[in-house]
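Engineer: Coordinates in coords.pdb, PDB, C-alpha atoms, are listed below.
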```pdb
ATOM      1  CA  MET A   1      70.184 202.426 -38.169
ATOM      2  CA  SER A   2      67.534 203.447 -40.681
ATOM      3  CA  ASP A   3      69.178 206.880 -40.862
ATOM      4  CA  ILE A   4      72.427 205.201 -41.789
ATOM      5  CA  MET A   5      70.788 202.958 -44.411
ATOM      6  CA  SER A   6      68.688 205.462 -46.326
ATOM      7  CA  PRO A   7      71.526 207.622 -47.722
ATOM      8  CA  ALA A   8      73.346 204.542 -48.945
ATOM      9  CA  VAL A   9      70.284 203.277 -50.767
ATOM     10  CA  ASP A  10      69.734 206.660 -52.410
ATOM     11  CA  SER A  11      73.347 206.946 -53.511
ATOM     12  CA  ASP A  12      73.374 203.421 -54.920
ATOM     13  CA  SER A  13      70.139 203.995 -56.771
ATOM     14  CA  LYS A  14      71.624 207.098 -58.343
ATOM     15  CA  MET A  15      74.822 205.275 -59.297
ATOM     16  CA  GLY A  16      73.068 202.255 -60.853
ATOM     17  CA  SER A  17      70.743 204.063 -63.219
ATOM     18  CA  ASP A  18      72.256 202.382 -66.327
ATOM     19  CA  PRO A  19      70.716 198.897 -67.033
ATOM     20  CA  THR A  20      74.105 197.428 -67.962
ATOM     21  CA  SER A  21      75.745 198.680 -64.790
ATOM     22  CA  ARG A  22      72.775 197.398 -62.787
ATOM     23  CA  ILE A  23      73.174 193.904 -64.227
ATOM     24  CA  ALA A  24      76.896 194.005 -63.475
ATOM     25  CA  GLU A  25      76.249 195.115 -59.894
ATOM     26  CA  VAL A  26      73.607 192.412 -59.436
ATOM     27  CA  LYS A  27      75.927 189.699 -60.803
ATOM     28  CA  GLU A  28      78.780 190.873 -58.601
ATOM     29  CA  TRP A  29      76.543 190.963 -55.528
ATOM     30  CA  LEU A  30      75.033 187.536 -56.226
ATOM     31  CA  GLY A  31      78.496 186.074 -56.815
ATOM     32  CA  SER A  32      79.810 187.450 -53.533
ATOM     33  CA  GLU A  33      76.788 186.330 -51.522
ATOM     34  CA  PHE A  34      76.586 182.808 -52.959
ATOM     35  CA  GLY A  35      80.409 182.523 -52.878
ATOM     36  CA  ARG A  36      80.394 183.413 -49.183
ATOM     37  CA  ALA A  37      77.881 180.590 -48.676
ATOM     38  CA  GLY A  38      79.973 178.191 -50.785
ATOM     39  CA  LYS A  39      77.373 177.825 -53.535
ATOM     40  CA  GLU A  40      77.115 178.703 -57.188
ATOM     41  CA  VAL A  41      74.771 181.329 -58.552
ATOM     42  CA  PRO A  42      71.723 179.603 -60.118
ATOM     43  CA  ASP A  43      70.943 180.272 -63.755
ATOM     44  CA  PHE A  44      67.978 182.542 -64.435
ATOM     45  CA  GLU A  45      66.858 185.067 -67.004
ATOM     46  CA  TYR A  46      67.820 188.682 -66.376
ATOM     47  CA  THR A  47      64.573 190.466 -67.155
ATOM     48  CA  PRO A  48      64.042 194.161 -66.395
ATOM     49  CA  PHE A  49      61.733 193.269 -63.524
ATOM     50  CA  SER A  50      64.099 190.707 -61.964
ATOM     51  CA  VAL A  51      67.107 193.012 -62.405
ATOM     52  CA  SER A  52      65.224 195.909 -60.801
ATOM     53  CA  HIS A  53      64.079 193.744 -57.897
ATOM     54  CA  LEU A  54      67.533 192.207 -57.354
ATOM     55  CA  HIS A  55      69.182 195.617 -57.649
ATOM     56  CA  ASN A  56      66.930 196.953 -54.894
ATOM     57  CA  LEU A  57      67.776 193.927 -52.751
ATOM     58  CA  CYS A  58      71.460 194.503 -53.476
ATOM     59  CA  ASN A  59      71.283 198.136 -52.409
ATOM     60  CA  LEU A  60      69.319 197.250 -49.284
ATOM     61  CA  SER A  61      71.697 194.414 -48.373
ATOM     62  CA  GLN A  62      74.779 196.570 -48.879
ATOM     63  CA  ALA A  63      73.261 199.382 -46.816
ATOM     64  CA  LYS A  64      72.415 196.987 -43.994
ATOM     65  CA  THR A  65      75.880 195.449 -44.218
ATOM     66  CA  ARG A  66      77.533 198.863 -43.890
ATOM     67  CA  ALA A  67      75.223 199.744 -41.002
ATOM     68  CA  ALA A  68      76.044 196.439 -39.295
ATOM     69  CA  GLU A  69      79.765 197.061 -39.794
ATOM     70  CA  ILE A  70      79.416 200.510 -38.233
ATOM     71  CA  LEU A  71      77.524 199.084 -35.256
ATOM     72  CA  ALA A  72      80.000 196.227 -34.873
ATOM     73  CA  LYS A  73      82.881 198.695 -34.952
ATOM     74  CA  ASP A  74      81.135 200.792 -32.308
ATOM     75  CA  PHE A  75      80.507 197.716 -30.152
ATOM     76  CA  ARG A  76      84.142 196.638 -30.497
ATOM     77  CA  LEU A  77      85.269 200.120 -29.500
ATOM     78  CA  LYS A  78      82.989 200.091 -26.461
ATOM     79  CA  ALA A  79      84.165 196.593 -25.545
ATOM     80  CA  ALA A  80      87.782 197.764 -25.701
ATOM     81  CA  GLU A  81      86.906 200.727 -23.495
ATOM     82  CA  TYR A  82      85.123 198.452 -21.016
ATOM     83  CA  ARG A  83      88.105 196.068 -20.978
ATOM     84  CA  ALA A  84      90.488 198.967 -20.403
ATOM     85  CA  GLN A  85      88.285 200.281 -17.614
ATOM     86  CA  ALA A  86      88.060 196.803 -16.091
ATOM     87  CA  ALA A  87      91.864 196.442 -16.231
ATOM     88  CA  ARG A  88      92.298 199.839 -14.586
ATOM     89  CA  ILE A  89      89.804 198.969 -11.842
ATOM     90  CA  ARG A  90      91.532 195.607 -11.372
ATOM     91  CA  GLU A  91      94.892 197.345 -10.966
ATOM     92  CA  ILE A  92      93.405 199.744  -8.427
ATOM     93  CA  LEU A  93      91.860 196.879  -6.467
ATOM     94  CA  GLU A  94      95.106 194.909  -6.547
ATOM     95  CA  SER A  95      97.076 197.939  -5.380
ATOM     96  CA  VAL A  96      94.875 198.260  -2.298
ATOM     97  CA  GLY A  97      94.915 194.505  -1.666
ATOM     98  CA  MET A  98      91.359 193.832  -2.879
ATOM     99  CA  ALA A  99      92.105 191.526  -5.763
ATOM    100  CA  GLN A 100      89.478 188.897  -6.581
ATOM    101  CA  GLU A 101      91.623 186.032  -5.315
ATOM    102  CA  ASN A 102      92.185 187.870  -2.018
ATOM    103  CA  LEU A 103      88.485 188.479  -1.371
ATOM    104  CA  PRO A 104      86.355 186.033   0.640
ATOM    105  CA  SER A 105      84.135 183.686  -1.303
ATOM    106  CA  ASN A 106      80.945 185.288   0.018
ATOM    107  CA  VAL A 107      82.086 188.705  -1.211
ATOM    108  CA  VAL A 108      82.892 187.276  -4.637
ATOM    109  CA  SER A 109      79.519 185.528  -4.826
ATOM    110  CA  SER A 110      77.752 188.700  -3.691
ATOM    111  CA  ALA A 111      79.563 190.721  -6.342
ATOM    112  CA  GLN A 112      78.664 188.098  -8.933
ATOM    113  CA  VAL A 113      75.017 188.218  -7.848
ATOM    114  CA  LEU A 114      75.112 192.003  -8.014
ATOM    115  CA  ALA A 115      76.522 191.847 -11.538
ATOM    116  CA  ASN A 116      73.918 189.281 -12.596
ATOM    117  CA  VAL A 117      71.134 191.452 -11.183
ATOM    118  CA  ALA A 118      72.539 194.463 -13.033
ATOM    119  CA  ASN A 119      72.588 192.464 -16.263
ATOM    120  CA  LEU A 120      69.079 191.219 -15.587
ATOM    121  CA  LEU A 121      67.826 194.749 -14.973
ATOM    122  CA  ASN A 122      69.727 195.925 -18.074
ATOM    123  CA  ILE A 123      71.524 198.777 -16.306
ATOM    124  CA  ARG A 124      74.895 200.191 -17.231
ATOM    125  CA  ASP A 125      76.447 200.153 -13.756
ATOM    126  CA  THR A 126      75.859 198.978 -10.212
ATOM    127  CA  GLU A 127      75.141 202.378  -8.726
ATOM    128  CA  LEU A 128      72.284 202.587  -6.225
ATOM    129  CA  SER A 129      70.499 205.174  -8.349
ATOM    130  CA  SER A 130      70.561 202.847 -11.348
ATOM    131  CA  PHE A 131      69.083 200.048  -9.253
ATOM    132  CA  LEU A 132      66.396 202.396  -7.905
ATOM    133  CA  VAL A 133      65.467 203.560 -11.395
ATOM    134  CA  ALA A 134      65.345 199.965 -12.621
ATOM    135  CA  MET A 135      63.230 198.908  -9.633
ATOM    136  CA  GLY A 136      60.892 201.841 -10.247
ATOM    137  CA  ASP A 137      60.535 200.778 -13.856
ATOM    138  CA  ILE A 138      59.819 197.211 -12.748
ATOM    139  CA  SER A 139      57.249 198.512 -10.247
ATOM    140  CA  LEU A 140      55.509 200.470 -12.995
ATOM    141  CA  ARG A 141      55.519 197.402 -15.196
ATOM    142  CA  LYS A 142      54.163 195.352 -12.306
ATOM    143  CA  ILE A 143      51.329 197.845 -11.766
ATOM    144  CA  SER A 144      50.539 197.790 -15.477
ATOM    145  CA  VAL A 145      50.561 193.996 -15.484
ATOM    146  CA  GLU A 146      48.321 193.908 -12.402
ATOM    147  CA  GLU A 147      45.882 196.304 -14.064
ATOM    148  CA  LYS A 148      45.848 194.184 -17.185
ATOM    149  CA  ARG A 149      45.432 191.077 -15.057
ATOM    150  CA  ALA A 150      42.507 192.641 -13.177
ATOM    151  CA  LYS A 151      40.910 193.609 -16.472
ATOM    152  CA  VAL A 152      41.445 190.119 -17.843
ATOM    153  CA  GLU A 153      39.964 188.598 -14.677
ATOM    154  CA  LYS A 154      36.964 190.914 -14.960
ATOM    155  CA  ASP A 155      36.501 189.993 -18.605
ATOM    156  CA  SER A 156      36.926 186.343 -17.681
ATOM    157  CA  LYS A 157      34.201 186.645 -15.040
ATOM    158  CA  VAL A 158      31.890 188.295 -17.566
ATOM    159  CA  LEU A 159      32.639 185.585 -20.114
ATOM    160  CA  LEU A 160      32.139 182.915 -17.451
ATOM    161  CA  ASP A 161      28.790 184.445 -16.519
ATOM    162  CA  HIS A 162      27.768 184.559 -20.171
ATOM    163  CA  THR A 163      28.942 180.979 -20.600
ATOM    164  CA  ARG A 164      26.887 179.823 -17.628
ATOM    165  CA  LYS A 165      23.826 181.622 -18.944
ATOM    166  CA  ALA A 166      24.412 180.125 -22.383
ATOM    167  CA  ILE A 167      24.729 176.646 -20.857
ATOM    168  CA  ALA A 168      21.521 177.194 -18.872
ATOM    169  CA  ARG A 169      19.702 178.346 -22.005
ATOM    170  CA  LEU A 170      21.091 175.415 -23.953
ATOM    171  CA  THR A 171      19.870 173.026 -21.255
ATOM    172  CA  TYR A 172      16.446 174.667 -21.300
ATOM    173  CA  LEU A 173      16.294 174.465 -25.092
ATOM    174  CA  LYS A 174      17.310 170.804 -25.022
ATOM    175  CA  ARG A 175      14.635 170.067 -22.433
ATOM    176  CA  THR A 176      12.061 171.984 -24.476
ATOM    177  CA  LEU A 177      13.113 170.128 -27.616
ATOM    178  CA  ALA A 178      12.767 166.778 -25.855
ATOM    179  CA  GLN A 179       9.318 167.778 -24.592
ATOM    180  CA  LEU A 180       8.270 168.866 -28.075
ATOM    181  CA  GLU A 181       9.541 165.608 -29.527
ATOM    182  CA  ASP A 182       7.481 163.718 -26.933
ATOM    183  CA  ASP A 183       4.412 165.775 -27.872
ATOM    184  CA  VAL A 184       4.797 165.066 -31.586
ATOM    185  CA  ALA A 185       2.914 161.734 -31.558
ATOM    186  CA  PRO A 186      -0.133 162.993 -29.566
ATOM    187  CA  CYS A 187      -0.267 166.151 -31.649
ATOM    188  CA  GLU A 188      -0.141 164.145 -34.858
ATOM    189  CA  ALA A 189      -2.997 161.946 -33.620
ATOM    190  CA  GLN A 190      -4.986 165.041 -32.681
ATOM    191  CA  MET A 191      -4.243 166.586 -36.067
ATOM    192  CA  ASP A 192      -5.485 163.432 -37.805
ATOM    193  CA  ASN A 193      -8.658 163.588 -35.710
ATOM    194  CA  TRP A 194      -9.105 167.247 -36.617
ATOM    195  CA  LYS A 195      -8.604 166.428 -40.291
ATOM    196  CA  THR A 196     -11.269 163.722 -40.077
ATOM    197  CA  ASN A 197     -13.671 166.069 -38.290
ATOM    198  CA  LEU A 198     -12.919 168.776 -40.817
ATOM    199  CA  ALA A 199     -13.755 166.424 -43.680
ATOM    200  CA  VAL A 200     -17.020 165.445 -41.951
ATOM    201  CA  MET A 201     -17.883 169.096 -41.318
ATOM    202  CA  ALA A 202     -17.134 169.948 -44.944
ATOM    203  CA  ALA A 203     -19.485 167.169 -46.082
ATOM    204  CA  LYS A 204     -22.155 168.387 -43.637
ATOM    205  CA  GLU A 205     -21.687 171.916 -44.916
ATOM    206  CA  ARG A 206     -22.269 170.797 -48.479
ATOM    207  CA  GLN A 207     -25.332 168.819 -47.354
ATOM    208  CA  TYR A 208     -26.784 171.762 -45.426
ATOM    209  CA  MET A 209     -26.119 174.131 -48.303
ATOM    210  CA  GLN A 210     -27.948 171.743 -50.649
ATOM    211  CA  GLN A 211     -30.865 171.495 -48.208
ATOM    212  CA  CYS A 212     -30.949 175.283 -47.871
ATOM    213  CA  ALA A 213     -31.055 175.614 -51.661
ATOM    214  CA  ASN A 214     -33.879 173.058 -51.813
ATOM    215  CA  TYR A 215     -35.849 174.915 -49.133
ATOM    216  CA  LYS A 216     -35.380 178.203 -50.970
ATOM    217  CA  ALA A 217     -36.645 176.619 -54.176
ATOM    218  CA  MET A 218     -39.641 175.207 -52.289
ATOM    219  CA  LEU A 219     -40.436 178.619 -50.792
ATOM    220  CA  ASN A 220     -40.206 180.196 -54.226
ATOM    221  CA  ARG A 221     -42.632 177.595 -55.586
ATOM    222  CA  VAL A 222     -45.218 178.280 -52.856
ATOM    223  CA  GLY A 223     -44.910 182.036 -53.393
ATOM    224  CA  TYR A 224     -43.078 182.931 -50.220
ATOM    225  CA  SER A 225     -41.667 186.423 -50.115
ATOM    226  CA  PRO A 226     -39.484 188.131 -47.511
ATOM    227  CA  ASP A 227     -42.442 190.403 -46.628
ATOM    228  CA  ILE A 228     -44.264 187.480 -44.996
ATOM    229  CA  SER A 229     -43.000 187.066 -41.473
ATOM    230  CA  HIS A 230     -44.106 185.287 -38.342
ATOM    231  CA  GLY A 231     -45.790 188.408 -36.989
ATOM    232  CA  ILE A 232     -47.859 188.846 -40.150
ATOM    233  CA  LEU A 233     -48.927 185.203 -40.060
ATOM    234  CA  VAL A 234     -49.981 185.572 -36.415
ATOM    235  CA  GLU A 235     -52.040 188.666 -37.242
ATOM    236  CA  MET A 236     -53.687 186.905 -40.161
ATOM    237  CA  ALA A 237     -54.520 183.952 -37.917
ATOM    238  CA  GLU A 238     -56.119 186.297 -35.392
ATOM    239  CA  HIS A 239     -58.160 187.969 -38.158
ATOM    240  CA  ARG A 240     -59.210 184.519 -39.320
ATOM    241  CA  LYS A 241     -60.430 183.674 -35.841
ATOM    242  CA  GLU A 242     -62.365 186.934 -35.674
ATOM    243  CA  LEU A 243     -63.949 186.227 -39.058
ATOM    244  CA  GLU A 244     -64.851 182.724 -37.928
ATOM    245  CA  LYS A 245     -66.523 184.224 -34.868
ATOM    246  CA  LYS A 246     -68.465 186.652 -37.065
ATOM    247  CA  THR A 247     -69.482 184.032 -39.619
ATOM    248  CA  LYS A 248     -70.444 181.429 -37.034
ATOM    249  CA  PRO A 249     -73.937 182.916 -36.430
ATOM    250  CA  MET A 250     -74.510 182.945 -40.159
ATOM    251  CA  LEU A 251     -73.497 179.305 -40.417
ATOM    252  CA  ASP A 252     -75.804 178.440 -37.529
ATOM    253  CA  THR A 253     -78.661 180.246 -39.278
ATOM    254  CA  LEU A 254     -77.927 178.366 -42.481
ATOM    255  CA  ARG A 255     -77.933 175.085 -40.608
ATOM    256  CA  SER A 256     -81.320 175.993 -39.078
ATOM    257  CA  TYR A 257     -82.680 176.587 -42.556
ATOM    258  CA  GLN A 258     -81.710 173.084 -43.492
ATOM    259  CA  ASP A 259     -84.290 171.788 -41.004
ATOM    260  CA  LEU A 260     -87.185 173.600 -42.823
ATOM    261  CA  PRO A 261     -89.342 171.724 -45.337
ATOM    262  CA  PRO A 262     -88.131 172.171 -48.855
ATOM    263  CA  ASP A 263     -89.772 175.036 -50.707
ATOM    264  CA  LYS A 264     -88.348 175.872 -54.033
ATOM    265  CA  ALA A 265     -89.245 179.552 -54.012
ATOM    266  CA  LEU A 266     -88.150 180.083 -50.444
ATOM    267  CA  ALA A 267     -85.005 178.080 -51.071
ATOM    268  CA  ALA A 268     -84.170 180.257 -54.049
ATOM    269  CA  LEU A 269     -84.710 183.383 -51.973
ATOM    270  CA  ALA A 270     -82.672 181.962 -49.137
ATOM    271  CA  ILE A 271     -79.865 181.026 -51.531
ATOM    272  CA  GLU A 272     -79.816 184.495 -53.023
ATOM    273  CA  ASP A 273     -79.777 186.008 -49.555
ATOM    274  CA  LYS A 274     -76.915 183.790 -48.483
ATOM    275  CA  LYS A 275     -74.994 184.588 -51.654
ATOM    276  CA  ARG A 276     -75.311 188.276 -50.873
ATOM    277  CA  GLN A 277     -74.191 187.678 -47.293
ATOM    278  CA  PHE A 278     -71.314 185.498 -48.505
ATOM    279  CA  ALA A 279     -70.226 188.176 -50.998
ATOM    280  CA  VAL A 280     -70.358 190.792 -48.249
ATOM    281  CA  ALA A 281     -68.342 188.553 -45.909
ATOM    282  CA  GLU A 282     -65.831 187.756 -48.657
ATOM    283  CA  LYS A 283     -65.425 191.442 -49.465
ATOM    284  CA  TYR A 284     -64.994 192.207 -45.781
ATOM    285  CA  LEU A 285     -62.348 189.494 -45.486
ATOM    286  CA  GLU A 286     -60.452 190.878 -48.473
ATOM    287  CA  ASP A 287     -60.602 194.379 -47.016
ATOM    288  CA  VAL A 288     -59.280 193.132 -43.673
ATOM    289  CA  LEU A 289     -56.414 191.208 -45.293
ATOM    290  CA  HIS A 290     -55.546 194.157 -47.504
ATOM    291  CA  SER A 291     -55.545 196.537 -44.542
ATOM    292  CA  ALA A 292     -53.363 194.112 -42.533
ATOM    293  CA  LEU A 293     -50.817 193.836 -45.337
ATOM    294  CA  THR A 294     -50.806 197.611 -45.826
ATOM    295  CA  THR A 295     -50.239 198.186 -42.098
ATOM    296  CA  THR A 296     -47.248 195.807 -41.950
ATOM    297  CA  GLN A 297     -45.598 197.404 -44.992
TER     298      GLN A 297
END
```
Output the file's structure in the form of structure tokens.

Structural biologist:
Amino acid sequence: MSDIMSPAVDSDSKMGSDPTSRIAEVKEWLGSEFGRAGKEVPDFEYTPFSVSHLHNLCNLSQAKTRAAEILAKDFRLKAAEYRAQAARIREILESVGMAQENLPSNVVSSAQVLANVANLLNIRDTELSSFLVAMGDISLRKISVEEKRAKVEKDSKVLLDHTRKAIARLTYLKRTLAQLEDDVAPCEAQMDNWKTNLAVMAAKERQYMQQCANYKAMLNRVGYSPDISHGILVEMAEHRKELEKKTKPMLDTLRSYQDLPPDKALAALAIEDKKRQFAVAEKYLEDVLHSALTTTQ
């Protein structure tokens, strides 16, 4: 049908190249179409665009009309041939005594069923080969439909499985959400407690930092340096004990001198002697402390 239409459209497009002739063709076509429908052509402005569009519609409509007339003529011709063939077959059947009115009712109904099946299968005749071909085509269609049905069932099972999993996950998420909502109040209370403890700890931190600064200032005032450690203090204490042991006999001697009767000359000599001993002991103590500090450094 498209082969029939295309030449007509090309020929009409070549014929209606003049704008005036195009408008005339469009008016004539619109008048015939609306007149066939029993209506008047509505008023509108004939612009180049509308004329071009309507002219194309006119050409297409005329081409389709001619194609439809050709097909209708062909169908009428085939119908006449079928009627002539049916009349000839009817005459043959009547000549051999097999007219429709002479046949039993079951034969007529069977023939009618056979004709209906042929029409249903869309075959040209009631030959066995035509029925076999039609049945084969139906079988192929059935196989194709069964394959599609199996595929759809498989896809449906997959979708059903996915749906079940999605429902299970949704149920789990709902249960988890409910549990989290139940845990909100205890968690908020715990968070408030943590905030309170954090504030207390921050205050304690500031207090301890202030105390640490005070202790550092105190150590700086007393002359503490990082070189003085616990080990050095222990060593100095041990040296002090040793010095006390060494100076104890001297102190005992001095105490014994206190029991003697006072003699100014002897006392002066004793004082000078003790001063010398004290200077020696003091120098020895300084040397020991200096050596201890030098060893630790």

Engineer: Compare A:Met209, A:Asn102, A:Val288, A:Gly35 by their minimum atom-to-atom distance to Ala237 in chain A, counting only C-alpha atoms, and give me the closest one.

Structural biologist: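 Counting only C-alpha atoms, the residue closest to Ala237 in chain A is A:Val288.
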
Engineer: Could you please determine the separation between CA of Tyr215 in chain A and CA of His290 in chain A in Å, to one decimal place?

Structural biologist: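 It comes out at 27.6 Å.
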
Engineer: Any idea what the distance is between CA of Trp29 in chain A and CA of His55 in chain A?

Structural biologist: 9.0 Å

Engineer: Which of these, A:Leu289, A:Glu94, A:Lys73, A:Arg36, has the shortest distance to Met236 in chain A once you count only C-alpha atoms?

Structural biologist: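 Closest residue, counting only C-alpha atoms: A:Leu289.
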
Engineer: If I take CA of Ser105 in chain A and CA of Arg124 in chain A, how far is one from the other in Å, to one decimal?

Structural biologist: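 Separating CA of Ser105 in chain A from CA of Arg124 in chain A is a distance of 24.7 Å.
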
Engineer: Assuming the chain letters and numbering stay as they are in my file, what does the PyMOL selection byres ((chain A and resi 282-286) around 12) actually select? List them as a PDB file with C-alpha atoms, in the frame of the given file.

Structural biologist:
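Listed below is the output, selection.pdb:
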```
ATOM      1  CA  MET A 236     -53.687 186.905 -40.161  1.00  0.00           C
ATOM      2  CA  HIS A 239     -58.160 187.969 -38.158  1.00  0.00           C
ATOM      3  CA  ARG A 240     -59.210 184.519 -39.320  1.00  0.00           C
ATOM      4  CA  LYS A 241     -60.430 183.674 -35.841  1.00  0.00           C
ATOM      5  CA  GLU A 242     -62.365 186.934 -35.674  1.00  0.00           C
ATOM      6  CA  LEU A 243     -63.949 186.227 -39.058  1.00  0.00           C
ATOM      7  CA  GLU A 244     -64.851 182.724 -37.928  1.00  0.00           C
ATOM      8  CA  LYS A 246     -68.465 186.652 -37.065  1.00  0.00           C
ATOM      9  CA  THR A 247     -69.482 184.032 -39.619  1.00  0.00           C
ATOM     10  CA  LYS A 274     -76.915 183.790 -48.483  1.00  0.00           C
ATOM     11  CA  LYS A 275     -74.994 184.588 -51.654  1.00  0.00           C
ATOM     12  CA  ARG A 276     -75.311 188.276 -50.873  1.00  0.00           C
ATOM     13  CA  GLN A 277     -74.191 187.678 -47.293  1.00  0.00           C
ATOM     14  CA  PHE A 278     -71.314 185.498 -48.505  1.00  0.00           C
ATOM     15  CA  ALA A 279     -70.226 188.176 -50.998  1.00  0.00           C
ATOM     16  CA  VAL A 280     -70.358 190.792 -48.249  1.00  0.00           C
ATOM     17  CA  ALA A 281     -68.342 188.553 -45.909  1.00  0.00           C
ATOM     18  CA  ASP A 287     -60.602 194.379 -47.016  1.00  0.00           C
ATOM     19  CA  VAL A 288     -59.280 193.132 -43.673  1.00  0.00           C
ATOM     20  CA  LEU A 289     -56.414 191.208 -45.293  1.00  0.00           C
ATOM     21  CA  HIS A 290     -55.546 194.157 -47.504  1.00  0.00           C
ATOM     22  CA  SER A 291     -55.545 196.537 -44.542  1.00  0.00           C
ATOM     23  CA  ALA A 292     -53.363 194.112 -42.533  1.00  0.00           C
ATOM     24  CA  LEU A 293     -50.817 193.836 -45.337  1.00  0.00           C
TER      25      LEU A 293
END
```

Engineer: Evaluated on this file, the PyMOL selection byres ((chain A and resi 52) around 12) picks out some residues - which ones are they, written as JSON, numbers by chain?

Structural biologist: {"A": [13, 16, 17, 18, 19, 20, 21, 22, 23, 25, 26, 46, 47, 48, 49, 50, 51, 53, 54, 55, 56, 57, 58, 59]}

Engineer: First collect every listed atom of range 160-174 of chain A; then fit an axis-aligned box around them, widen it by 6 Å on each side, and give centre and edge lengths in Å to one decimal, as lines of an AutoDock Vina configuration file.

Structural biologist:
```
center_x = 24.2
center_y = 177.7
center_z = -20.8
size_x = 27.8
size_y = 25.8
size_z = 20.6
```

Engineer: Would you list the contacts of range 131-136 of chain A as a PyMOL selection string, taking every protein, DNA or RNA residue within 10 Å and counting only C-alpha atoms, but skipping same-chain residues closer than 4 positions in sequence?

Structural biologist: chain A and resi 117-118+120-127+140-142

Engineer: Where atoms are absent from range 22-40 of chain A, fill them in so it carries N, CA and C atoms, then output it as an mmCIF file, in the frame of the given file.

Structural biologist:
```
data_model
loop_
_atom_site.group_PDB
_atom_site.id
_atom_site.type_symbol
_atom_site.label_atom_id
_atom_site.label_comp_id
_atom_site.auth_asym_id
_atom_site.auth_seq_id
_atom_site.Cartn_x
_atom_site.Cartn_y
_atom_site.Cartn_z
ATOM 1 N N ARG A 22 73.611 198.082 -63.780
ATOM 2 C CA ARG A 22 72.775 197.398 -62.787
ATOM 3 C C ARG A 22 72.971 195.893 -62.857
ATOM 4 N N ILE A 23 72.978 195.353 -64.079
ATOM 5 C CA ILE A 23 73.174 193.904 -64.227
ATOM 6 C C ILE A 23 74.535 193.499 -63.692
ATOM 7 N N ALA A 24 75.551 194.319 -63.968
ATOM 8 C CA ALA A 24 76.896 194.005 -63.475
ATOM 9 C C ALA A 24 76.931 194.030 -61.951
ATOM 10 N N GLU A 25 76.280 195.035 -61.352
ATOM 11 C CA GLU A 25 76.249 195.115 -59.894
ATOM 12 C C GLU A 25 75.502 193.923 -59.292
ATOM 13 N N VAL A 26 74.384 193.549 -59.942
ATOM 14 C CA VAL A 26 73.607 192.412 -59.436
ATOM 15 C C VAL A 26 74.425 191.134 -59.523
ATOM 16 N N LYS A 27 75.108 190.909 -60.658
ATOM 17 C CA LYS A 27 75.927 189.699 -60.803
ATOM 18 C C LYS A 27 77.048 189.672 -59.775
ATOM 19 N N GLU A 28 77.690 190.816 -59.582
ATOM 20 C CA GLU A 28 78.780 190.873 -58.601
ATOM 21 C C GLU A 28 78.258 190.588 -57.195
ATOM 22 N N TRP A 29 77.109 191.168 -56.881
ATOM 23 C CA TRP A 29 76.543 190.963 -55.528
ATOM 24 C C TRP A 29 76.112 189.512 -55.323
ATOM 25 N N LEU A 30 75.443 188.935 -56.344
ATOM 26 C CA LEU A 30 75.033 187.536 -56.226
ATOM 27 C C LEU A 30 76.243 186.615 -56.106
ATOM 28 N N GLY A 31 77.301 186.905 -56.892
ATOM 29 C CA GLY A 31 78.496 186.074 -56.815
ATOM 30 C C GLY A 31 79.132 186.127 -55.438
ATOM 31 N N SER A 32 79.196 187.332 -54.857
ATOM 32 C CA SER A 32 79.810 187.450 -53.533
ATOM 33 C C SER A 32 78.970 186.766 -52.457
ATOM 34 N N GLU A 33 77.654 186.921 -52.544
ATOM 35 C CA GLU A 33 76.788 186.330 -51.522
ATOM 36 C C GLU A 33 76.792 184.806 -51.609
ATOM 37 N N PHE A 34 76.589 184.264 -52.817
ATOM 38 C CA PHE A 34 76.586 182.808 -52.959
ATOM 39 C C PHE A 34 77.981 182.232 -52.733
ATOM 40 N N GLY A 35 79.052 182.997 -53.133
ATOM 41 C CA GLY A 35 80.409 182.523 -52.878
ATOM 42 C C GLY A 35 80.710 182.466 -51.394
ATOM 43 N N ARG A 36 80.203 183.444 -50.626
ATOM 44 C CA ARG A 36 80.394 183.413 -49.183
ATOM 45 C C ARG A 36 79.710 182.193 -48.570
ATOM 46 N N ALA A 37 78.591 181.775 -49.177
ATOM 47 C CA ALA A 37 77.881 180.590 -48.676
ATOM 48 C C ALA A 37 78.420 179.300 -49.262
ATOM 49 N N GLY A 38 79.397 179.385 -50.187
ATOM 50 C CA GLY A 38 79.973 178.191 -50.785
ATOM 51 C C GLY A 38 79.086 177.558 -51.834
ATOM 52 N N LYS A 39 78.274 178.350 -52.514
ATOM 53 C CA LYS A 39 77.373 177.825 -53.535
ATOM 54 C C LYS A 39 77.543 178.625 -54.813
ATOM 55 N N GLU A 40 77.056 178.032 -55.902
ATOM 56 C CA GLU A 40 77.115 178.703 -57.188
ATOM 57 C C GLU A 40 75.813 179.469 -57.437
#
```
